[in-house]
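Participant: So that you have it, the file is model_22.cif, and it contains mmCIF, C-alpha atoms:
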```cif
data_run
#
loop_
_atom_site.label_atom_id
_atom_site.label_comp_id
_atom_site.auth_asym_id
_atom_site.auth_seq_id
_atom_site.Cartn_x
_atom_site.Cartn_y
_atom_site.Cartn_z
CA MET A 10 80.46 -1.21 -4.10
CA SER A 11 83.75 -0.85 -2.30
CA PRO A 12 84.24 -3.28 0.59
CA GLY A 13 85.63 -0.62 2.93
CA GLU A 14 82.31 1.21 3.01
CA GLY A 15 80.31 -1.56 4.67
CA PRO A 16 80.93 -1.05 8.40
CA ALA A 17 80.77 2.74 8.24
CA ARG A 18 77.43 2.62 6.50
CA ARG A 19 75.99 0.17 8.98
CA ARG A 20 76.77 2.51 11.84
CA ASP A 21 74.80 5.31 10.18
CA SER A 22 71.62 3.41 9.57
CA GLU A 23 69.37 1.45 11.88
CA ILE A 24 68.76 -1.36 9.40
CA SER A 25 71.54 -3.89 9.03
CA LEU A 26 72.96 -4.73 5.63
CA ALA A 27 71.55 -8.28 5.76
CA THR A 28 68.01 -7.04 6.46
CA ARG A 29 68.34 -4.48 3.74
CA ARG A 30 69.48 -7.12 1.27
CA ARG A 31 66.59 -9.42 2.20
CA LEU A 32 64.12 -6.59 1.77
CA PHE A 33 65.59 -5.81 -1.64
CA LEU A 34 65.51 -9.44 -2.78
CA VAL A 35 61.84 -9.85 -1.85
CA SER A 36 60.66 -6.55 -3.34
CA GLY A 37 62.97 -6.99 -6.33
CA ALA A 38 61.51 -10.44 -7.05
CA VAL A 39 57.95 -9.09 -6.84
CA LEU A 40 58.82 -6.18 -9.14
CA ALA A 41 60.53 -8.51 -11.62
CA ALA A 42 57.49 -10.81 -11.67
CA LEU A 43 55.12 -7.88 -12.25
CA MET A 44 57.34 -6.44 -14.97
CA THR A 45 57.54 -9.80 -16.75
CA TRP A 46 53.77 -10.11 -16.53
CA ALA A 47 53.32 -6.61 -17.95
CA LEU A 48 55.87 -7.13 -20.75
CA ALA A 49 54.24 -10.41 -21.76
CA GLY A 50 51.00 -8.56 -22.45
CA MET A 51 52.59 -5.80 -24.56
CA PRO A 52 51.81 -5.50 -28.27
CA ALA A 53 54.58 -6.67 -30.59
CA PHE A 54 57.38 -4.26 -31.56
CA GLY A 55 56.24 -1.99 -34.38
CA ASP A 56 52.56 -2.69 -33.74
CA TYR A 57 51.58 0.98 -33.91
CA HIS A 58 48.11 2.44 -34.22
CA GLY A 59 48.68 6.19 -33.75
CA ILE A 60 46.80 7.85 -36.60
CA TYR A 61 48.88 11.04 -36.49
CA GLY A 62 52.19 9.15 -36.72
CA LEU A 63 51.06 6.95 -39.59
CA LEU A 64 49.74 9.98 -41.44
CA LEU A 65 53.00 11.93 -41.00
CA ASN A 66 55.04 8.96 -42.21
CA ARG A 67 53.00 9.01 -45.39
CA VAL A 68 52.83 12.75 -46.08
CA ALA A 69 56.20 14.10 -44.86
CA VAL A 70 58.09 13.37 -48.08
CA PRO A 71 55.44 14.40 -50.66
CA GLN A 72 54.26 17.44 -48.67
CA GLU A 73 57.42 18.85 -47.09
CA HIS A 74 60.17 17.09 -49.10
CA ALA A 75 61.90 16.00 -45.86
CA THR A 76 63.19 12.43 -45.81
CA ASN A 77 63.79 12.56 -42.06
CA VAL A 78 60.26 12.62 -40.68
CA ILE A 79 61.52 13.36 -37.14
CA THR A 80 62.97 16.67 -38.35
CA ALA A 81 59.77 17.38 -40.29
CA VAL A 82 57.85 17.01 -37.01
CA ASN A 83 60.36 19.03 -34.97
CA PHE A 84 60.91 21.91 -37.35
CA ASP A 85 57.68 22.02 -39.32
CA TYR A 86 54.54 20.27 -38.13
CA ARG A 87 55.45 20.90 -34.48
CA GLY A 88 57.85 23.80 -35.02
CA PHE A 89 56.10 25.84 -32.36
CA ASP A 90 56.87 23.20 -29.72
CA THR A 91 60.52 23.27 -30.72
CA LEU A 92 60.51 27.05 -30.34
CA GLY A 93 59.45 26.55 -26.72
CA GLU A 94 62.06 23.87 -26.13
CA GLU A 95 64.74 26.08 -27.61
CA PHE A 96 63.92 28.84 -25.17
CA ILE A 97 63.84 26.39 -22.26
CA LEU A 98 67.49 25.69 -23.01
CA PHE A 99 68.17 29.38 -23.54
CA ALA A 100 66.73 30.18 -20.12
CA ALA A 101 68.60 27.28 -18.51
CA VAL A 102 71.96 28.47 -19.87
CA LEU A 103 71.19 32.04 -18.79
CA GLY A 104 70.39 30.80 -15.29
CA LEU A 105 73.59 28.78 -15.18
CA ALA A 106 75.68 31.74 -16.33
CA LEU A 107 74.05 33.83 -13.61
CA ILE A 108 74.73 31.32 -10.82
CA LEU A 109 78.30 30.57 -11.92
CA ARG A 110 79.29 34.20 -12.51
CA GLU A 111 82.33 35.66 -10.82
CA ARG A 112 81.06 36.66 -7.40
CA ARG A 113 82.25 39.54 -5.27
CA ASP A 114 84.22 37.26 -2.96
CA GLU A 115 85.89 35.45 -5.80
CA GLU A 116 88.82 36.40 -7.93
CA GLU A 117 90.38 35.07 -11.05
CA GLY A 118 93.72 33.47 -10.35
CA PRO A 119 96.26 31.88 -12.64
CA PRO A 120 94.87 28.66 -14.11
CA ASP A 121 95.27 25.75 -11.71
CA ASP A 122 97.07 23.85 -14.41
CA ASP A 123 100.09 26.14 -14.33
CA ALA A 124 100.04 27.63 -10.84
CA VAL A 125 103.48 28.39 -9.39
CA GLY A 126 105.09 25.43 -7.70
CA ARG A 127 102.57 22.97 -9.00
CA GLN A 128 103.89 20.01 -10.90
CA VAL A 129 101.35 18.92 -13.43
CA SER A 130 102.37 16.36 -15.94
CA GLY A 131 100.56 17.75 -19.00
CA ALA A 132 98.64 15.63 -21.42
CA SER A 133 100.66 12.74 -22.79
CA VAL A 134 101.80 12.79 -26.41
CA ALA A 135 99.25 10.12 -27.30
CA VAL A 136 96.38 12.14 -25.83
CA ARG A 137 97.60 15.32 -27.53
CA LEU A 138 97.91 13.60 -30.87
CA ILE A 139 94.49 11.95 -30.74
CA THR A 140 92.65 15.05 -29.54
CA VAL A 141 94.33 17.35 -32.07
CA ALA A 142 93.54 14.87 -34.82
CA LEU A 143 89.91 14.67 -33.68
CA VAL A 144 89.14 18.42 -33.49
CA GLY A 145 88.80 18.88 -37.27
CA PRO A 146 86.70 15.76 -37.96
CA THR A 147 84.45 16.60 -34.98
CA VAL A 148 83.67 20.07 -36.33
CA LEU A 149 83.12 18.59 -39.79
CA LEU A 150 80.80 15.90 -38.43
CA ALA A 151 78.85 18.54 -36.49
CA GLY A 152 78.45 20.64 -39.64
CA TYR A 153 77.34 17.57 -41.58
CA ILE A 154 74.75 16.55 -39.00
CA ILE A 155 73.37 20.09 -38.76
CA ALA A 156 73.26 20.58 -42.54
CA HIS A 157 71.55 17.22 -43.19
CA GLY A 158 68.90 17.61 -40.50
CA ALA A 159 65.97 17.16 -42.84
CA ILE A 160 67.56 14.32 -44.81
CA THR A 161 69.28 11.93 -42.40
CA PRO A 162 69.01 11.35 -38.62
CA GLY A 163 70.24 14.24 -36.53
CA GLY A 164 69.85 17.98 -36.86
CA GLY A 165 70.72 21.20 -35.12
CA PHE A 166 70.49 19.85 -31.61
CA GLN A 167 72.71 16.79 -31.98
CA GLY A 168 75.14 18.58 -34.30
CA GLY A 169 75.38 21.52 -31.91
CA VAL A 170 76.43 19.36 -28.97
CA ILE A 171 78.95 17.55 -31.18
CA ALA A 172 80.43 20.91 -32.22
CA ALA A 173 80.77 21.88 -28.56
CA THR A 174 82.72 18.69 -27.81
CA ALA A 175 85.46 19.96 -30.14
CA LEU A 176 86.10 22.49 -27.37
CA LEU A 177 86.64 19.67 -24.90
CA PHE A 178 89.20 18.09 -27.20
CA VAL A 179 91.14 21.36 -27.30
CA TYR A 180 91.11 21.50 -23.50
CA LEU A 181 92.13 17.85 -23.12
CA GLY A 182 94.92 17.98 -25.67
CA GLY A 183 96.16 21.49 -25.08
CA GLU A 184 95.78 23.59 -22.03
CA TYR A 185 93.34 26.00 -20.51
CA LEU A 186 94.96 29.03 -22.13
CA ALA A 187 94.64 27.50 -25.59
CA LEU A 188 91.00 26.97 -24.81
CA ARG A 189 90.55 30.64 -23.94
CA ARG A 190 92.02 31.69 -27.27
CA ILE A 191 89.60 29.62 -29.32
CA ARG A 192 86.45 30.62 -27.49
CA PRO A 193 86.05 34.38 -27.39
CA LEU A 194 83.03 34.52 -25.07
CA PRO A 195 81.31 37.54 -26.69
CA LEU A 196 81.35 35.65 -30.00
CA VAL A 197 79.96 32.56 -28.31
CA GLU A 198 77.16 34.59 -26.75
CA ILE A 199 76.39 36.25 -30.09
CA THR A 200 76.29 32.82 -31.76
CA LYS A 201 73.84 31.59 -29.18
CA ALA A 202 71.64 34.68 -29.38
CA THR A 203 71.71 34.62 -33.19
CA GLY A 204 70.54 31.03 -33.15
CA ALA A 205 67.70 31.72 -30.76
CA ALA A 206 66.62 34.88 -32.57
CA GLY A 207 67.07 33.22 -35.96
CA PHE A 208 64.48 30.58 -35.13
CA VAL A 209 61.91 33.25 -34.28
CA LEU A 210 62.83 35.43 -37.27
CA ILE A 211 62.48 32.52 -39.71
CA GLY A 212 59.04 31.96 -38.21
CA ILE A 213 58.08 35.63 -38.49
CA ALA A 214 59.39 35.74 -42.07
CA GLY A 215 56.61 33.29 -42.83
CA LEU A 216 54.06 35.89 -41.68
CA ILE A 217 55.59 38.45 -44.06
CA TRP A 218 55.40 35.86 -46.83
CA GLY A 219 51.68 35.52 -46.21
CA VAL A 220 51.63 32.14 -44.45
CA ALA A 221 51.30 31.15 -40.81
CA PHE A 222 54.04 31.58 -38.17
CA LEU A 223 56.77 28.93 -38.70
CA ASP A 224 55.00 27.65 -41.81
CA ASN A 225 57.35 26.31 -44.46
CA TRP A 226 57.53 29.25 -46.87
CA LEU A 227 60.75 28.49 -48.78
CA PRO A 228 60.89 26.47 -52.02
CA LYS A 229 61.14 22.82 -51.01
CA GLY A 230 63.49 21.45 -53.68
CA THR A 231 64.13 17.80 -54.45
CA PRO A 232 63.70 15.38 -51.51
CA GLY A 233 67.14 14.18 -50.40
CA ASP A 234 69.01 17.29 -51.52
CA VAL A 235 70.89 19.35 -48.93
CA PHE A 236 68.94 22.39 -50.13
CA SER A 237 65.51 20.87 -49.73
CA ALA A 238 62.69 20.87 -47.20
CA GLY A 239 62.54 24.68 -47.21
CA THR A 240 62.77 26.43 -43.86
CA MET A 241 63.57 23.18 -42.02
CA GLN A 242 67.24 23.32 -43.00
CA LEU A 243 67.48 26.98 -41.98
CA LEU A 244 65.83 26.20 -38.64
CA SER A 245 68.24 23.31 -38.15
CA VAL A 246 71.17 25.68 -38.67
CA ALA A 247 69.62 28.21 -36.27
CA VAL A 248 69.18 25.54 -33.61
CA GLY A 249 72.73 24.34 -34.32
CA PHE A 250 74.05 27.85 -33.63
CA GLU A 251 72.08 28.14 -30.43
CA ILE A 252 73.04 24.73 -29.08
CA THR A 253 76.72 25.13 -29.99
CA GLY A 254 76.81 28.52 -28.28
CA GLY A 255 74.81 27.24 -25.32
CA PHE A 256 76.95 24.20 -24.66
CA VAL A 257 80.24 26.05 -25.18
CA LEU A 258 78.96 28.58 -22.65
CA ILE A 259 77.97 25.84 -20.16
CA LEU A 260 81.33 24.08 -20.48
CA SER A 261 83.22 27.39 -20.26
CA GLU A 262 81.39 28.48 -17.12
CA PHE A 263 82.09 25.16 -15.43
CA LEU A 264 85.74 25.14 -16.55
CA ASP A 265 86.25 28.72 -15.35
CA GLN A 266 84.72 27.81 -12.00
CA THR A 267 86.98 24.80 -11.68
CA ILE A 268 90.22 26.20 -12.99
CA VAL A 269 90.56 29.95 -12.50
CA LEU A 270 87.95 31.20 -10.04
CA ARG A 271 88.74 30.88 -6.38
CA ARG A 272 87.60 32.50 -3.18
CA ARG A 273 89.35 35.72 -2.38
CA ARG A 274 91.56 35.44 0.68
CA GLY A 275 90.34 37.17 3.84
CA VAL A 276 86.81 37.69 2.54
CA ARG A 277 84.16 35.56 4.13
CA SER A 278 81.11 34.74 2.15
CA GLY A 279 77.75 35.30 3.79
CA MET B 22 63.57 -9.42 -32.45
CA THR B 23 67.03 -9.29 -33.97
CA VAL B 24 70.25 -10.38 -32.24
CA LEU B 25 71.39 -6.76 -32.00
CA GLN B 26 68.19 -5.78 -30.21
CA ILE B 27 68.51 -8.63 -27.70
CA VAL B 28 72.18 -7.84 -27.05
CA ALA B 29 71.42 -4.12 -26.64
CA LEU B 30 68.56 -4.83 -24.21
CA ALA B 31 70.76 -7.20 -22.18
CA LEU B 32 73.62 -4.66 -22.03
CA VAL B 33 71.28 -1.89 -20.88
CA ALA B 34 69.83 -4.23 -18.24
CA VAL B 35 73.36 -4.86 -16.94
CA GLY B 36 74.49 -1.25 -17.37
CA ALA B 37 71.77 0.45 -15.31
CA PRO B 38 72.54 -1.48 -12.07
CA ALA B 39 76.24 -0.91 -12.79
CA VAL B 40 75.69 2.86 -12.61
CA VAL B 41 73.95 2.45 -9.25
CA ALA B 42 76.55 0.00 -7.97
CA ALA B 43 79.43 2.40 -8.65
CA ARG B 44 79.35 4.30 -5.35
CA ASP B 45 82.27 6.65 -6.00
CA PRO B 46 80.87 9.68 -7.92
CA LEU B 47 84.02 9.93 -10.04
CA ARG B 48 83.73 6.35 -11.22
CA GLN B 49 79.99 6.73 -11.49
CA ALA B 50 80.43 9.56 -14.01
CA PHE B 51 82.42 7.24 -16.27
CA VAL B 52 80.01 4.33 -15.87
CA ALA B 53 77.10 6.68 -16.61
CA SER B 54 78.92 7.89 -19.71
CA PHE B 55 79.30 4.32 -20.93
CA TYR B 56 75.65 3.66 -20.08
CA GLY B 57 74.64 6.63 -22.27
CA LEU B 58 76.49 4.97 -25.13
CA LEU B 59 74.66 1.68 -24.45
CA LEU B 60 71.33 3.53 -24.55
CA GLY B 61 72.40 4.99 -27.88
CA VAL B 62 73.00 1.49 -29.24
CA LEU B 63 69.62 0.40 -27.87
CA PHE B 64 67.75 3.27 -29.55
CA PHE B 65 69.65 2.62 -32.78
CA ALA B 66 68.77 -1.09 -32.68
CA PHE B 67 65.11 -0.18 -32.23
CA ALA B 68 65.08 2.08 -35.31
CA ALA B 69 65.29 5.45 -33.54
CA PRO B 70 68.59 6.93 -34.81
CA ASP B 71 67.62 10.52 -33.95
CA VAL B 72 67.03 9.63 -30.32
CA ALA B 73 70.22 7.52 -30.37
CA LEU B 74 72.26 10.57 -31.40
CA SER B 75 70.65 12.70 -28.69
CA SER B 76 71.29 10.01 -26.09
CA ILE B 77 74.94 9.72 -27.06
CA VAL B 78 75.67 13.45 -27.09
CA ILE B 79 73.84 14.17 -23.84
CA GLY B 80 74.16 10.92 -21.89
CA SER B 81 77.73 10.05 -22.69
CA VAL B 82 79.33 13.45 -23.32
CA ALA B 83 77.56 16.47 -21.83
CA LEU B 84 76.25 15.03 -18.57
CA PRO B 85 79.43 13.20 -17.45
CA THR B 86 81.54 16.23 -18.37
CA ILE B 87 79.45 18.52 -16.20
CA ILE B 88 79.53 15.99 -13.34
CA LEU B 89 83.33 15.72 -13.65
CA LEU B 90 83.79 19.49 -13.63
CA ALA B 91 81.45 19.88 -10.66
CA LEU B 92 83.37 17.16 -8.80
CA ALA B 93 86.65 18.92 -9.57
CA LYS B 94 85.23 22.16 -8.12
CA ILE B 95 83.91 20.45 -4.98
CA GLY B 96 87.21 18.65 -4.42
CA ASP B 97 88.98 21.99 -4.81
CA LYS B 98 86.95 23.49 -1.99
CA ASP B 99 87.57 20.57 0.36
CA SER B 100 91.34 20.82 0.20
#
```
Could you write out this structure as structure tokens?

Facilitator:
Amino acid sequence: MSPGEGPARRRDSEISLATRRRLFLVSGAVLAALMTWALAGMPAFGDYHGIYGLLLNRVAVPQEHATNVITAVNFDYRGFDTLGEEFILFAAVLGLALILRERRDEEEGPPDDDAVGRQVSGASVAVRLITVALVGPTVLLAGYIIAHGAITPGGGFQGGVIAATALLFVYLGGEYLALRRIRPLPLVEITKATGAAGFVLIGIAGLIWGVAFLDNWLPKGTPGDVFSAGTMQLLSVAVGFEITGGFVLILSEFLDQTIVLRRRRGVRSG
Amino acid sequence: MTVLQIVALALVAVGAPAVVAARDPLRQAFVASFYGLLLGVLFFAFAAPDVALSSIVIGSVALPTIILLALAKIGDKDS
């Protein structure tokens, strides 16, 4: 809390800072006592009695050949839930793109970073060096996490966001124009749509194969292999595509808003 | 409870009020980013590496970035 804010805040509110603090201390103490009481009565860590969870822990490896039970739940036993979650994100990104689109009273100007007459000391050599060095490993790590979804912790979602952070490194170390070159938006949108559609198509392929929607219809291989756990790995890649595309799109829309879009002069917005 | 679990719990207990105490949104974004990392350590210490990864990528990368960009846009309009 900055000390300069004190007097100004007191003028706004009826309650003085001292009263407020006393109120907090009393209610905080009561809350702390109740929380301690509640925590004391909790079962020990790992004392778990959920039948479904215990069952999945036992059957995930022999039945689905997936050593990461979380992924087995997300992409197999509860694959349908993940389908819904995937489309929640899809809809959210669509909404965001709609709200942050270039409006009639806005125009695209030169990037703020290199506007005429503006002195911006670009990224320092150290920042450039570190970010450039990190782009490759970040993409590699993202690919690894997506490809090993059914084997080790992680999967399409986490890997997808990691892949999108590579974009941030390019922006931090380079400049906005370099960023534009590496993210052709149509390609990003296609990636995202392919991921979303891929998830559904893999599910429908199961129907053609004679099993239920999103059932695991591929050969399951040896547990622990990259090419194991059947459709789970494919679904992980599909989700990875969608999340990478989605997050690149989110970051791009926000960056465009911040850097190149500005209100057109002489036009008043309604 | 292992030492790592106790340390992680203590750091999260300190980190959450720190996010609230940082009144300047710009600083708050950074504190929140660090707090996301702490949560990641906490989930990892309590044997939930999948959730830890999600917490790190969302809590300490995606969310602060979007807050920073939104702040940049708002500041742009003010000037």

Participant: What are the closest atom pairs, with distances in Å to one decimal, for each residue of chain A lying within 8 Å of chain B, using only C-alpha atoms, rows by chain and rising residue number, as a tab-separated table?

Facilitator:
```
residue	atom	partner	partner_atom	distance
A:Met10	CA	B:Ala42	CA	5.6
A:Ser11	CA	B:Arg44	CA	7.4
A:Ile79	CA	B:Asp71	CA	7.4
A:Pro162	CA	B:Asp71	CA	4.9
A:Gly163	CA	B:Asp71	CA	5.2
A:Phe166	CA	B:Ser75	CA	7.7
A:Gln167	CA	B:Ser75	CA	5.6
A:Val170	CA	B:Val78	CA	6.2
A:Ile171	CA	B:Val78	CA	6.7
A:Thr174	CA	B:Val82	CA	7.7
A:Leu260	CA	B:Ile87	CA	7.3
A:Phe263	CA	B:Leu90	CA	6.2
A:Leu264	CA	B:Leu90	CA	6.7
A:Gln266	CA	B:Lys94	CA	6.9
A:Thr267	CA	B:Lys94	CA	4.8
```

Participant: By how many Å are atom CA of Val257 of chain A and atom CA of Ala173 of chain A apart?

Facilitator: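 These two atoms are separated by 5.4 Å.
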
Participant: Check which residues satisfy the PyMOL selection byres ((chain A and resi 99-104) around 10) in the file shown, then give them as a list in words.

Facilitator: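 Applying the expression gives Gly93, Glu94, Glu95, Phe96, Ile97, Leu98, Leu105, Ala106, Leu107, Ile108, Leu109, Arg110, Lys201, Ala202, Ala205, Glu251, Ile252, Gly254, Gly255, Phe256, Leu258, Ile259 and Glu262 of chain A.
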
Participant: Name all residues at most 7 Å from segment 223-237 of chain A (count only C-alpha atoms; drop same-chain ones fewer than 4 positions away) and give them as a ChimeraX atom specification.

Facilitator: /A:70,73-76,85,88,156-157,160,211-213,215,218

Participant: I need the residue nearest Leu63 of chain B from this list: B:Ala37, B:Leu47, B:Leu84, B:Leu30. Use only C-alpha atoms for the distance.

Facilitator: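 Closest candidate: B:Leu30.
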
Participant: For the atom pair atom CA of Val220 of chain A and atom CA of Ser245 of chain A, what is the interatomic distance in Å to one decimal place?

Facilitator: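 If I compute the distance from atom CA of Val220 of chain A to atom CA of Ser245 of chain A, I get 19.8 Å.
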
Participant: Please return segment 45-67 of chain B, rebuilt to N, CA and C atoms, as a compact mmCIF listing (two decimals), keeping the file's coordinate frame.

Facilitator:
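And here's out_27.txt as it stands now:
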```
# COMPACT_ATOMS: atom_id res chain seq x y z
N ASP B 45 81.41 5.48 -5.93
CA ASP B 45 82.27 6.65 -6.00
C ASP B 45 81.81 7.55 -7.15
N PRO B 46 81.42 8.80 -6.86
CA PRO B 46 80.87 9.68 -7.92
C PRO B 46 81.77 9.79 -9.15
N LEU B 47 83.10 9.80 -8.91
CA LEU B 47 84.02 9.93 -10.04
C LEU B 47 83.89 8.75 -10.98
N ARG B 48 83.90 7.54 -10.39
CA ARG B 48 83.73 6.35 -11.22
C ARG B 48 82.35 6.32 -11.83
N GLN B 49 81.37 6.76 -11.04
CA GLN B 49 79.99 6.73 -11.49
C GLN B 49 79.82 7.57 -12.76
N ALA B 50 80.53 8.71 -12.83
CA ALA B 50 80.43 9.56 -14.01
C ALA B 50 80.87 8.80 -15.26
N PHE B 51 81.93 8.01 -15.12
CA PHE B 51 82.42 7.24 -16.27
C PHE B 51 81.46 6.12 -16.63
N VAL B 52 80.96 5.42 -15.59
CA VAL B 52 80.01 4.33 -15.87
C VAL B 52 78.76 4.89 -16.52
N ALA B 53 78.29 6.05 -16.04
CA ALA B 53 77.10 6.68 -16.61
C ALA B 53 77.34 7.07 -18.06
N SER B 54 78.57 7.54 -18.34
CA SER B 54 78.92 7.89 -19.71
C SER B 54 78.81 6.67 -20.63
N PHE B 55 79.36 5.55 -20.15
CA PHE B 55 79.30 4.32 -20.93
C PHE B 55 77.85 3.86 -21.09
N TYR B 56 77.06 4.05 -20.04
CA TYR B 56 75.65 3.66 -20.08
C TYR B 56 74.90 4.49 -21.12
N GLY B 57 75.25 5.78 -21.24
CA GLY B 57 74.64 6.63 -22.27
C GLY B 57 74.91 6.08 -23.66
N LEU B 58 76.12 5.57 -23.85
CA LEU B 58 76.49 4.97 -25.13
C LEU B 58 75.65 3.72 -25.39
N LEU B 59 75.47 2.90 -24.33
CA LEU B 59 74.66 1.68 -24.45
C LEU B 59 73.23 2.03 -24.85
N LEU B 60 72.69 3.08 -24.20
CA LEU B 60 71.33 3.53 -24.55
C LEU B 60 71.27 3.94 -26.01
N GLY B 61 72.34 4.60 -26.48
CA GLY B 61 72.40 4.99 -27.88
C GLY B 61 72.30 3.78 -28.79
N VAL B 62 73.05 2.72 -28.45
CA VAL B 62 73.00 1.49 -29.24
C VAL B 62 71.59 0.90 -29.21
N LEU B 63 70.97 0.95 -28.03
CA LEU B 63 69.62 0.40 -27.87
C LEU B 63 68.63 1.14 -28.78
N PHE B 64 68.67 2.49 -28.72
CA PHE B 64 67.75 3.27 -29.55
C PHE B 64 68.02 3.02 -31.03
N PHE B 65 69.30 2.88 -31.37
CA PHE B 65 69.65 2.62 -32.78
C PHE B 65 69.10 1.27 -33.21
N ALA B 66 69.24 0.26 -32.35
CA ALA B 66 68.77 -1.09 -32.68
C ALA B 66 67.26 -1.11 -32.84
N PHE B 67 66.57 -0.22 -32.12
CA PHE B 67 65.11 -0.18 -32.23
C PHE B 67 64.66 0.94 -33.18
```
